[in-house]
Structures are given as C-alpha cells and as structure tokens.
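> Let me give you the structure first, and then I'll get to my questions.
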There are 4 protein chains.
Amino acid sequence: MSKGTQTKLINPSDKFVVGVIGCGRIGKIHVQNLVQSIPGIVIKTVADPKLDDSLRSWLKSLNIANITTDAQQIINDPEINVVIICSSTDTHAKYSIAAAKSKKAIFCEKPIDSDLGRIKEVLAAVKENNVKFMVGFNRRFDHNFKRIRDATVKGDLGKVQIVKVTSRDPSPPPLEYVKVSGGLFFDMSIHDWDMARFQAGDEVEEVYALGDVQISPEIKGIDIDTAVAVLKYKNGAMGLVDNCRQAVYGYDQRVEVFGTKGCAIAENDVPTTVKIYTKDTTIQDKIPYFFLERYMGSYQEEMKQFFDCLKTGKEMPVTGQDGMMDIVVAIAATKSLKEHRPVKISEVF
Amino acid sequence: MSKGTQTKLINPSDKFVVGVIGCGRIGKIHVQNLVQSIPGIVIKTVADPKLDDSLRSWLKSLNIANITTDAQQIINDPEINVVIICSSTDTHAKYSIAAAKSKKAIFCEKPIDSDLGRIKEVLAAVKENNVKFMVGFNRRFDHNFKRIRDATVKGDLGKVQIVKVTSRDPSPPPLEYVKVSGGLFFDMSIHDWDMARFQAGDEVEEVYALGDVQISPEIKGIDIDTAVAVLKYKNGAMGLVDNCRQAVYGYDQRVEVFGTKGCAIAENDVPTTVKIYTKDTTIQDKIPYFFLERYMGSYQEEMKQFFDCLKTGKEMPVTGQDGMMDIVVAIAATKSLKEHRPVKISEVF
Amino acid sequence: MSKGTQTKLINPSDKFVVGVIGCGRIGKIHVQNLVQSIPGIVIKTVADPKLDDSLRSWLKSLNIANITTDAQQIINDPEINVVIICSSTDTHAKYSIAAAKSKKAIFCEKPIDSDLGRIKEVLAAVKENNVKFMVGFNRRFDHNFKRIRDATVKGDLGKVQIVKVTSRDPSPPPLEYVKVSGGLFFDMSIHDWDMARFQAGDEVEEVYALGDVQISPEIKGIDIDTAVAVLKYKNGAMGLVDNCRQAVYGYDQRVEVFGTKGCAIAENDVPTTVKIYTKDTTIQDKIPYFFLERYMGSYQEEMKQFFDCLKTGKEMPVTGQDGMMDIVVAIAATKSLKEHRPVKISEVF
Amino acid sequence: MSKGTQTKLINPSDKFVVGVIGCGRIGKIHVQNLVQSIPGIVIKTVADPKLDDSLRSWLKSLNIANITTDAQQIINDPEINVVIICSSTDTHAKYSIAAAKSKKAIFCEKPIDSDLGRIKEVLAAVKENNVKFMVGFNRRFDHNFKRIRDATVKGDLGKVQIVKVTSRDPSPPPLEYVKVSGGLFFDMSIHDWDMARFQAGDEVEEVYALGDVQISPEIKGIDIDTAVAVLKYKNGAMGLVDNCRQAVYGYDQRVEVFGTKGCAIAENDVPTTVKIYTKDTTIQDKIPYFFLERYMGSYQEEMKQFFDCLKTGKEMPVTGQDGMMDIVVAIAATKSLKEHRPVKISEVF
C-alpha cells in the first residue's frame, strides 16, 4: 500500500476532541460511555436538532462545553478531530461525507444509508479524504458473540459449516415507525446480516428469504414481522437467520457456529443465576427485556475499540465495507422475498 | 364413519402374537423392548435372511419359539396378528402389503419406501384390508421432543411461528452406504421432516433446500453431507432444518418451537449432570454418541404406544399418511436442491 | 493373605441360582432388574411372608419356579448359591448369617442392622464362612455420583478437601413409620454417611450433628425431620451433610467434592432438557419425584456389579465393613445430637 | 420513637458533600462509583496517608478538589456531610467515632473493628450523635444473592430451614497478610457470617466451626485455610458455611436457601453464556477470577442504596448492629475452633 492511500492516523499523542451529532437514545448511550469509560478524550460539542431543557441540563452536568442544535458547528470546528454520528438514519451519509471532507475520524451509527449508491458516495469520501471510519454494529462486541468469533478465529471450531443467528424483539414497534423503517430486513435484520457475516468470516453469496405477517395484521402490505433466511457464503458455508418483531418472553439473541472441529453456542444472558425450585415448577429469571439491558456492554466495548484503533492505527473492527455489505444483503433478501427465489448478491451489487 | 371403513380393532382381550421380520440392529432393539417392557404379548416368530448362530442363540435365550430365515412363515401364520417390519428398506412395502392382506396389524420401520407410488400402494392395501398401521418415527416419542409438542398442544406456546430442527450425526457413514442410501434428504433428514411436521402440527407447503459436500470429498456427485432447509407450512409458519453427517462432538439433536405465547427449546441430553471446575476450564460430559444412546427411551415408548393403540383402538401416533408426507418433503427438498429454487409440495405430490 | 482366608469365588462357569428373600418395593426392583438385565442367572425361589395373589401372579409371569412364604426354603436349598436379602431391616442380620453358614453369596439391602454388635456377628459369619457379601448402597452406582468419584480417583480434583452431600425427601413418611425407623440418622441419612465416605475415599473420624423438627410437629420427641452434620475425616478433609424429610419441589439429591485441583458438582437430574420461555417466566421440568424415578439406573448397576464381582472374584464395591461404618457414623451422629457436642467415631466403635 | 432518638435525616434538598478517608483498592472503587453512578453528590476531599503521584493524578482527573494525606481535614470540614471510610481496618473505629461526633453520615467499610468493645464504642457514638451509619457488606447487594433474599422476603420459599453459603478465594493471600488478618474467620468468613444472617433474616444463636491447614503449610499455627461451620439460628433454622483460601478454578461464590415452600440456588456467574462442544469435551467459561470481577455491580448498588437512604431517611440496609453481630459470630467461631465444641453467641456477647 502506497503512503498516499494510508488512512490518516491520528497522532497517539493527540488529544481526541469529539463532536457528537445526534443525541437521542443511542447518542446518549455513546456520550455516557465516552464520559465514563474512555479516558483521555473530551467531548467538546453535542449537536441535536431536538435539543430540549432536559437534554441540555443532562449534557451540562457532564461538563460538555458546547451544546447546540446545529451539527455544522461540529463539522466546522477545526479542533474537533472525531465525529460520532448518531443522528436519524437519513442524515448519516450527509454528515459522514461532511466529516470526511473536514478530515475528521468518523464513528457512524448503523446503517450508513439504505441506498447503495449513497453508501458508495460515503465510502468514496472516506477513502479520498483518508479518514478513519467505523460503523456501529455493536453486537460484534457483545461478550457472548465475541467469544464465539474468538474461538473460530483461534481455530477451535475448524472450518465453519453452518452459522445460525436468532434475533427476536420483545414487542413490535409502532405502526408509524414500521412505515418509515425501510422494512424488517433493513431495520431489524441488518444486525443479523452483519452478525452472520462476522461469525462466518466470509461474504454472503446468495440469500433466500421467507417472511410473513404473524403478529401485527395492521402492517400487512407494509412490512413483515416474522422471517427466516438462508444464506450461502462464498466459501460454501451456510447461514440460517430467524427474526420476529415479538418474542413475548424477552429479547431473544442467540448465535451458533458449527464447524468441522466443534460447535459453539451462545445462549441468552440472564439477569441472575438464581433458580427457584417450588412445588409447581423450577423457574429462572426472564431474559433481558431489550437491547439497552442486553447490549450495554457491547456499546462500551465498541467505543473503546474505536478509540483504540484511532490511537494505534489498526484497522477498524467494523469497516465502511461491512456497513455496505450488510445493506447489500438486506437488498438481496428483500428481492428474494418479493420474487420468491434465491437471489445472488451479485444481482444487487 | 361407516362400520365398513373402520380399522379393525384387535380385541383387547386378544393376546398379541407377534412376528418380527428383520432382526438387524433396529430389529433387535424392538425385540428386546417387546420382551422387557410390553406385558401381555408373545413374540412367536422372528425371521431374518441373515440368521447366524449368534442371533439364533440370542433369540433362543429370549424363549422365542420360531426362528427362521423365511418371512413368509410370519405372513402365513394365522395365529400371528401383529407384524413388526424391520427388514431392509426396499422390502418394507412388500411385507407391509402382504401383512395387510393377511389382516395383521403392522408396525413398519421408517421409511415405508422411497418411491411415492409404492407408498400409495401400501396405504391402499392398509385401507382396503382395514388393518392398523404405524410407521416407526421414534423421535416423536423422545422425552424432550414430546415435552415440547405437549406444551404446544396444551397451548402454552400460542400459535406456532417458527420450528427449528437440528440433527447432526457423529460421523459419516461408509461410502458404500451413502451410494445406496437414497441421499441425505431421504436417509437422514427424513426424521427431521417428520419432526418438523410433528412439532408444527401442520403440513409443509413448500421447501427450499441448500446442500453441499463439506466433510467427505469422496461423495461429491453422489450425495451431500451438510444441508439446511427452509420449510413453509400451510398455516403460514416457517421451519428451519439443519443437518450434517458429522458433528465431532457427538449426536446433536435439538428442537425449538417459537410461538406467539412463548418458546420451547430442547437441548441435547447429557450422560450426567456433573460439572468439573478446574484451573483451566469448566467441563461437562459430552453429549451421547449416537442414536442408540440417545433414543433408546423413544424406541421403548413407541412400541408401548403402538400396542396401546392396538388395545384401545385409538388412532396410531404416526400414521401411514405421516410416513408418506415425510417422503414427499424429501422428494421436494431433493428437487429444490437440484433446481436451486423453492419447490411446492404440490409439485411432487 | 493365606488361601484359607480367601473369600470363596463362585466358579465363573457356575450358573448363578438366586433366591430372593423379601419381595416388597425394593425386592421387586431387584427381581425385575435381575430378570431384565443380568444374563446367565436364574431366580429359582422368591420368599415373602406377605405373599398375596398379585405378587404371586407377577412372579409367575416372570417364570419363577418357587414362590413361597418361607425364607428357610432358600437357605436350605443347596442349588441356590446367591441370596438377595430384601426383607424387613430387623431380619437382615438373621438371614445374612444363615445364608453365610449355608455358604451362599449374599447381597443384603442396607442397613445390615442398626445394632453394632449384631452387625459384627454378621461380618464374623461372612468371614468365617468365606462368602461374598455386598450391602445395597445403590447411590454409589448412580451415574452422577459415580462420575464424581471417578474424577477424584483419576486425580482430576487433587486431594479432597470438602465433601458436600444434600439429600432431601419429597415428603415425610407416615408417623407410624417414623416411630419404628430408628430415626432420621439411621433411616434416611444412612445413605449420606455412605456417600460421604465413598466420595472422600476415607473414614469419618468425628461427627457433629444438629437437628430439629421443622416440618412435622407431631414427631417432636420421637425424631427430627431436618438436620445438618459436619464430618471430620481421618485425612483431615471435612464433610457437610444436610437432610430434610420434605422438599416440596421433589427429591433433592446432590453431591459436591472440592479438592486441591478442582471441584465437581452433581446437580439433580431432570426428566427433560426442555426450557419453556413465556411472558411471565422461564420454566424447566421439576426434578424427579422420589427414589424410584431417580435411582432406577443405580439399582440396575449395583446388581450388575454384584454379579460381575461374583464372576471375577473382585472385591465387592460395597463391603460389609462399609455397611458397618455407615451405621457407626449414624450412631455417632445420634450421640452428637443428644449430647450437643462433636463425637468421635472411636467413642462408639 | 421520640424525636430525640431519631437518626438525623440529611435534608433531601441538601447537596451531599462527601469526604473519602482511605483510597486504596476498595476506596478507589467507591470513588469511581460515586463519580460515575451517583448523581447529585460531590466528592470534596479524598484523604490517604500513602498518597502518591499516580493516585493524585487519578483523583485530579476526576475533578476532586482536595487531595490530602490528612483525614482530619475531612472530619473538620463543616461542609462535608458524608464520610466514606475505606482506610485500614484498625482505623475504622477511630474515624467512625470522629465522623459521628462531627455529625456526618458514615459509610464504613467492613469490619467496623475486630474488637467487640471498640465496636460498641462506635455504635454508641453513632447513636449519641444521631447520625446515619452503614457498614460495607457489599455482597448483600449482589444481583444473585439479593434475588434469593427477595424471594424469601416475598414468601416464595416459605419458612427458611437451611442456609448454605460457599465462599472460596482463588488463591491464598501472602503470609505477611495472613499474620495480620485476624484469621480466616474475621478476614474472609466475615462476609459469609453476614450473608448467612442476611439470607436467614435471623440472628445466629450458636456456632460450631471446624478448620484446618490444607493449602499453605507455612501458616500452620498462625491461621487455617479451609473451614466449615454450622450455624444454629434463633428461630431454629440451620446454616452451613464452607470456606477455602484457594479454589484453583476461580472465585467460588454461591448461596442456597431451603425453605418449607421451596429452594433457591445462586450459582456462580460466568463471563459468557457460550458453550463450546468439541471432540474431547464440552467447555464453558471459567468463573470470574476474584471479587473485583465478581462483585463490581454490588459495590455500585450498595453506594446507591446508601445515598438513597440518606435522601429518604429509610433505615440503612446494613446497620452498625449488623456489623457488630458479624464480628460476634467470628469471635464465637474462633472460640469453637479452639475449644472444639459448639459455642453460643451469648457466651461471647
């Protein structure tokens, strides 16, 4: 690789001066984790268009200097060298491109965009401006799922043959959300396409997807709420994903990797290890309710690794390419569902 | 139902006089279970074409009166009113039809046949002669899988949305066996098509199957050894089956049913509950090695239920129709794999 | 050891001709297991003083030649070379001595007797007549507990430091039974003293026991129903036993061995591996109800090993010495409870 | 209760101004948790006699105003209304009394002191000055153990019959530490006496303890490293504690409560839920290494509840009385070990 194409390495002695664009639910998580767990960084500015008193006072309590509704302040600030983009999905590409042009390192929440052409523009801007870029697929940093991937990389499982990803939400989102979500394969399964690619260590070659409305009759014609998909990887391995917008028992998040030397299975987390044996039954705690309970550790870890990569110059653990390929799988799955046939990735890419 | 179409009920006061056709590995299991666990029956004759001294002396030790190489002795014996067919698969149909014509109740090992037309002949003979007929899908009687089905039937899981069946053998069969096995979808997955239908309580409408050679390069062009399949049921539910001829860690047999009110998961059995915590790791026993270790209880239970149904006149828990539909799914899966597209059951039936 | 003191080895080519004395609940289990699982033996005679039609017809169905109320027929029969003693506890010693004098191999249900002097008489008769003698502490043959002992013997756990035995019955026995049981430490904990000795591979040196009536007020002054005990072994290891006559959730049977190289824990068995996740909770099957459900496998295994030892001449896995030492611990525990102080085994032995 | 005896309630509208005395391993944990998780408090001063550059710079990074070697600055500061005492054990009483006299609310790390008379002086000072006082038995706030206690309090387990506490350290402390630790029963088991009292919801009436040197021969005559104890509670329940300074497999921390309506068991935490099945074995993660990994959540929770009680005026979840009774049990256990007999709490209190 010639020097010219090297991604700019933020000088390890540099102070990281961070701007956060978008401070809704996920933005707050990142702000809090940055403040609490990442030493040596300063959040200089947080921008959110819906800035209210409550948010403002919370940010003040964290000693954040600039609190604004104008994201452009972050883009324009030469002192800020890292941008965390947590704004609404339709603005991810815009801010990513702007931040890249301003030579800032970028952490962009998933997905980069739902439009493939737009994603390519982002990746081009990142490349051209030679900036670091990471996409926020936090589940790769989950203690359980990372443990499986580590076993695979270490060779404990041999050659991967089958990857299984189960991901079910505790309850369906409001109809209004479903209408603008881009569909289950983009909005919810996107994490699973990424997990499936991550665990296999390989790209998907073909998708066959099946979906239906089994929970919320009112979304018929708009979206599906239950789906399964079969993936064929380039190296011949196979993947199985199953999704549902509603699992009444909690947020069901499991992964299994089966290979020539063994099989690794990650069960759901439980709040406590306690089992209670009574006359009628043996009970244990319900699994965590939703992603905040389940994945908080992974959000902390992804932020930590993002800054570690900035410091060391190592490649980002979730690249722009990853962000793009996950969307490509979502596009192929959607096409498969519509045309009721297996769809090759090459057809949509 | 008019009296004429009623299946002949063996008089509960009748003594069951049993003939066993075929006494290889599975035949021996049934003979032993009949002797040990089913009171009130007599095995009068056992016929096996490969009768050797060892088999003969074992059968003698069980006080079995007639030991012969000629199955026809069983068919022709008017005292024998129950036939257990455990001979090689290609003779199942022949003996089933002969036994039906002789008005004997029939337990036929799976599968009835691999040819759909031949199966229909068997079912016609059974119907015409008004005899009881059960197919030996023993896994329906497994303590774990039955527990899940019971929960579903009881309504604990609500409407079934997704059924998942994992079935992996500990090691691949010899090449010679693979050549005559009819293929993984007929020989191995047949249990899983049945389990998938059993757990859903519904018929499969469409199959999409993917398969590959990942374990045994020498079978390339003859068969596959790793496969996944997506099922679409008539009622809209979806199924996921994954198979492999080799799981180095043992005989991996799991089932999951996800419904609107909950999810039931059957893990693998383990020989003991013991966990050993040492400096290096926490270990537990390996899962059972193969089907004899894993499913012995289910073989006992299926025989028990077969005779219970004979006594009470209740419908057989695995009917000839079941035996036929499982083969139909296998045919559709094979066609799907070959033509690389989802295949409707109606296309092959 | 001089030839004269060698225990008589039944000639491996001998046929084992068995007499069973006492055919209540436990006697039936042994008879059934002998018939079903131990090839090459013949039960010639079963004697039970309470012989009724039901028992008689069951024994006939098993082709047992002599069915009698008179145990003496067994003792006197020169053809019978093995006696299984399952009669009431107060007759164990009498029949053991008589069988020994008749030079028969003996399997005696636990306990040999509750009186130490009487036990010594039995052991003397066994020694003098040079016959094989085994006491029926079936739990040593339980798959879980045996697995732990095997790990210890293999050295996986290092030097044993702490042994923990939990044993709780599902519900208290009737008052009438409690009155004649000899007390919880003799009747129920006797298995646990044996398990504690077995797992440590060492003798108990001292006991401290604490007990109380917590379940059944009506037994106050007669017996206790909840107890704990601390054991000090000769080699310095320590033991903890806890017992209760009532565990509303089922038959709680667990063992833990902690050593310098690790710890092995045997949890309760469960009927199925199924977990059911619902809106309200995660449930799994209740543990087995009582000893017939829990320990059936161990009864089969102990009978198998008894005859294996008869065939091979190997030392019995539970000796008369074991049977005596378990009672000695029970005596010491009772003394400890009464005198409210730790009691040395040497005080009662 | 007359107004005069009411513990002074810090005005909920008051700002909590905190002084931390002692900032070693445990002090740092509290400082960090206060900064990160407890809103609305200010740590004004941290005092530590061994203040070095590293500690100073860490405290500065947390914006702590005063960093000093002189604890008296905290005692004398009228603005400081809450003192967190994490200094060496022998100074707990001194600072507690001084803080009480200065009318400050007090959180004191365990134990208050090892001398009963000295503890009484502390409690008297607390009472006289009418200040809030909590002792740092963090394990009461552990997610697993709290879950069991909640079940008991809710009545799910009925009347408590047996409490079992297992607590084993991963590796023994240095000999130098053992010499000044006051002995295993004071230094290590103190948490278990507290847990045993907490889970039973009752006071201990009598202790019988057994202990030995099984790990570190060099401490013979100085201390023991393996111990078990039987507790008798006032209400008749019984307790079993087992301890060891070394569990090679990690930090073994389990609790079991058995009652008339059921049994609750808290197993060890595991870092991930992953199980890896290979040709040789099934493995899962080792349990957490030591208390920092295992109990971090409980330290956060105890600090949170301490300040909640300050705000609401509710009774402290671990009182000075608790701190005293735990030491009383330790004294009785030590006496029991020495005199080799059960010792009544009333003998030492």
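Within each chain, counting starts at residue 1; across the structure tokens, chains are named A, B, ... in the order shown, with ligands numbered 1 upward in that order.
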Output the contact residues of chain B with respect to chain A at a cut-off of 10 Å, based on only C-alpha atoms, as a ChimeraX atom specification.
/B:157,159-162,164,208-215,226-232,236-244,246-250,252,258-263,340-343
> Please save C-alpha atoms of the selected residues as a compact mmCIF listing (two decimals), in the first residue's frame.

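Everything below was put into result_14.txt:
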# COMPACT_ATOMS: atom_id res chain seq x y z
CA LEU B 157 -46.68 -21.53 23.22
CA LYS B 159 -49.74 -20.21 17.62
CA VAL B 160 -46.55 -21.77 16.25
CA GLN B 161 -44.49 -19.31 14.21
CA ILE B 162 -41.09 -20.93 13.74
CA LYS B 164 -36.21 -25.31 14.25
CA TYR B 208 -36.17 -24.63 -0.12
CA ALA B 209 -33.04 -26.66 0.45
CA LEU B 210 -29.36 -25.95 0.21
CA GLY B 211 -26.69 -28.60 0.48
CA ASP B 212 -23.04 -29.22 -0.10
CA VAL B 213 -20.16 -31.60 0.44
CA GLN B 214 -18.13 -30.23 3.35
CA ILE B 215 -16.95 -33.38 5.13
CA THR B 226 -24.21 -30.77 5.02
CA ALA B 227 -27.58 -29.18 4.36
CA VAL B 228 -30.08 -26.62 5.52
CA ALA B 229 -33.71 -26.26 4.53
CA VAL B 230 -36.46 -23.71 4.94
CA LEU B 231 -40.00 -25.00 5.21
CA LYS B 232 -43.16 -23.05 4.67
CA GLY B 236 -48.00 -19.73 7.43
CA ALA B 237 -45.47 -20.93 10.00
CA MET B 238 -41.85 -21.42 8.92
CA GLY B 239 -39.38 -24.18 9.57
CA LEU B 240 -35.59 -24.38 9.62
CA VAL B 241 -33.76 -27.68 9.43
CA ASP B 242 -30.02 -28.11 9.54
CA ASN B 243 -28.17 -31.37 9.03
CA CYS B 244 -24.66 -32.64 8.89
CA GLN B 246 -20.52 -35.28 11.04
CA ALA B 247 -20.56 -33.48 14.37
CA VAL B 248 -17.28 -34.35 16.01
CA TYR B 249 -18.71 -33.63 19.46
CA GLY B 250 -21.47 -36.25 19.26
CA ASP B 252 -26.52 -33.29 18.06
CA PHE B 258 -41.32 -20.47 18.81
CA GLY B 259 -44.88 -19.25 19.07
CA THR B 260 -46.98 -16.23 19.91
CA LYS B 261 -47.04 -17.07 23.61
CA GLY B 262 -43.55 -18.40 24.14
CA CYS B 263 -40.66 -20.53 23.03
CA HIS B 340 -31.99 -24.30 -6.86
CA ARG B 341 -35.42 -22.84 -6.14
CA PRO B 342 -38.24 -23.24 -3.62
CA VAL B 343 -40.39 -26.22 -4.53
> At a cut-off of 10 Å, using only C-alpha atoms, what residues contact Asn63 (chain B)? Leave out same-chain residues fewer than 2 positions from it and give the result as a list in words.
Val35, Val42, Ile43, Lys44, Ser57, Trp58, Leu59, Lys60, Ser61, Ala65 and Asn66 of chain B
> Lys50 (chain A): which residues within 10 Å, counting only C-alpha atoms, same-chain residues fewer than 5 positions away excluded, as a list in words?
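Using only C-alpha atoms, the neighbours found are Gly22, Cys23, Gly24, Leu55, Thr68 and Thr69 of chain A.
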> So that I can see what lies close to region 75-78 of chain D, please list as a PDB file with C-alpha atoms, in the first residue's frame the residues with an atom at most 10 Å from it, counting only C-alpha atoms and leaving out residues fewer than 4 positions away in the same chain.

ATOM      1  CA  VAL D  17     -20.680  16.744  50.081  1.00  0.00           C
ATOM      2  CA  GLY D  19     -15.148  13.053  52.089  1.00  0.00           C
ATOM      3  CA  ILE D  21     -10.910   8.517  54.033  1.00  0.00           C
ATOM      4  CA  LYS D  44     -14.886  17.349  48.007  1.00  0.00           C
ATOM      5  CA  THR D  45     -11.936  15.683  49.683  1.00  0.00           C
ATOM      6  CA  ASP D  70      -4.648  14.151  56.443  1.00  0.00           C
ATOM      7  CA  ALA D  71      -8.003  12.551  57.226  1.00  0.00           C
ATOM      8  CA  VAL D  82     -20.969  12.333  54.363  1.00  0.00           C
ATOM      9  CA  VAL D  83     -17.813  10.353  55.154  1.00  0.00           C
ATOM     10  CA  TYR D  95     -12.694   7.650  62.093  1.00  0.00           C
ATOM     11  CA  SER D  96     -16.237   6.436  62.607  1.00  0.00           C
ATOM     12  CA  ALA D  98     -14.767  11.164  64.927  1.00  0.00           C
ATOM     13  CA  ALA D  99     -17.166  11.471  61.993  1.00  0.00           C
ATOM     14  CA  ALA D 100     -20.139  10.714  64.220  1.00  0.00           C
ATOM     15  CA  LYS D 101     -19.090  13.424  66.651  1.00  0.00           C
ATOM     16  CA  SER D 102     -18.868  15.799  63.697  1.00  0.00           C
ATOM     17  CA  LYS D 103     -22.469  14.852  62.854  1.00  0.00           C
ATOM     18  CA  LYS D 104     -21.608  13.388  59.488  1.00  0.00           C
TER      19      LYS D 104
END
> Identify, on the basis of only C-alpha atoms, every residue whose closest approach to region 116-132 of chain A does not exceed 10 Å; exclude the query and any residue fewer than 6 positions from it along the same chain; express the result as a VMD selection string.
chain A and resid 4 to 10 82 92 to 107 306 309 to 310 313 to 316 319 to 321 323 to 325 327 to 328 331 348 to 349
> DSSP on the backbone: which residues in region 50-297 of chain B end up as helix (DSSP H, G or I)? Give the answer as number ranges by chain.
B: 53-61, 72-76, 89-101, 116-129, 138-141, 143-154, 175-180, 184-187, 190-200, 217-219, 291-297
> CA of Phe185 (chain B) and CA of Ile84 (chain B), how far apart in Å?
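Going from CA of Ile84 (chain B) over to CA of Phe185 (chain B) covers 24.8 Å.
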> Provide the CA of Met188 (chain A) to CA of Leu337 (chain B) distance in Å, to one decimal place.
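One can read the CA of Met188 (chain A) to CA of Leu337 (chain B) distance as 28.8 Å.
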> Counting only C-alpha atoms, give me one row per residue of region 237-303 of chain D with an atom at most 10 Å from an atom of region 145-152 of chain A, showing the shortest contact pair and its distance in Å to one decimal, sorted by chain then residue number, as a Markdown table.

| residue | atom | partner | partner_atom | distance |
| --- | --- | --- | --- | --- |
| D:Pro271 | CA | A:Arg147 | CA | 9.6 |
| D:Thr272 | CA | A:Arg147 | CA | 7.4 |
| D:Thr273 | CA | A:Arg147 | CA | 9.2 |
| D:Val274 | CA | A:Ile148 | CA | 7.1 |
| D:Lys275 | CA | A:Ile148 | CA | 8.8 |
| D:Ile276 | CA | A:Ile148 | CA | 8.3 |
| D:Asp285 | CA | A:Arg147 | CA | 9.4 |
> Go ahead and write the residues just picked, N, CA and C atoms, as a PDB file, in the first residue's frame.

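Saved file again.pdb follows:
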ATOM      1  N   PRO D 271     -18.562 -15.399  32.726  1.00  0.00           N
ATOM      2  CA  PRO D 271     -18.320 -14.240  31.850  1.00  0.00           C
ATOM      3  C   PRO D 271     -19.178 -14.252  30.591  1.00  0.00           C
ATOM      4  N   THR D 272     -19.366 -15.419  29.985  1.00  0.00           N
ATOM      5  CA  THR D 272     -20.251 -15.510  28.819  1.00  0.00           C
ATOM      6  C   THR D 272     -21.117 -16.755  28.960  1.00  0.00           C
ATOM      7  N   THR D 273     -22.144 -16.807  28.150  1.00  0.00           N
ATOM      8  CA  THR D 273     -23.034 -17.974  28.154  1.00  0.00           C
ATOM      9  C   THR D 273     -22.561 -19.052  27.197  1.00  0.00           C
ATOM     10  N   VAL D 274     -21.448 -18.801  26.534  1.00  0.00           N
ATOM     11  CA  VAL D 274     -21.031 -19.684  25.441  1.00  0.00           C
ATOM     12  C   VAL D 274     -20.590 -21.056  25.938  1.00  0.00           C
ATOM     13  N   LYS D 275     -21.058 -22.077  25.253  1.00  0.00           N
ATOM     14  CA  LYS D 275     -20.541 -23.428  25.448  1.00  0.00           C
ATOM     15  C   LYS D 275     -19.896 -23.875  24.154  1.00  0.00           C
ATOM     16  N   ILE D 276     -18.740 -24.525  24.306  1.00  0.00           N
ATOM     17  CA  ILE D 276     -18.020 -24.991  23.130  1.00  0.00           C
ATOM     18  C   ILE D 276     -17.923 -26.513  23.192  1.00  0.00           C
ATOM     19  N   ASP D 285     -16.975 -21.091  29.958  1.00  0.00           N
ATOM     20  CA  ASP D 285     -16.024 -20.154  30.555  1.00  0.00           C
ATOM     21  C   ASP D 285     -15.765 -20.472  32.023  1.00  0.00           C
TER      22      ASP D 285
END
> So how far away is CA of Gly40 (chain A) from CA of Val135 (chain A), in Å?
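So the two atoms, CA of Val135 (chain A) and CA of Gly40 (chain A), lie 21.8 Å apart.
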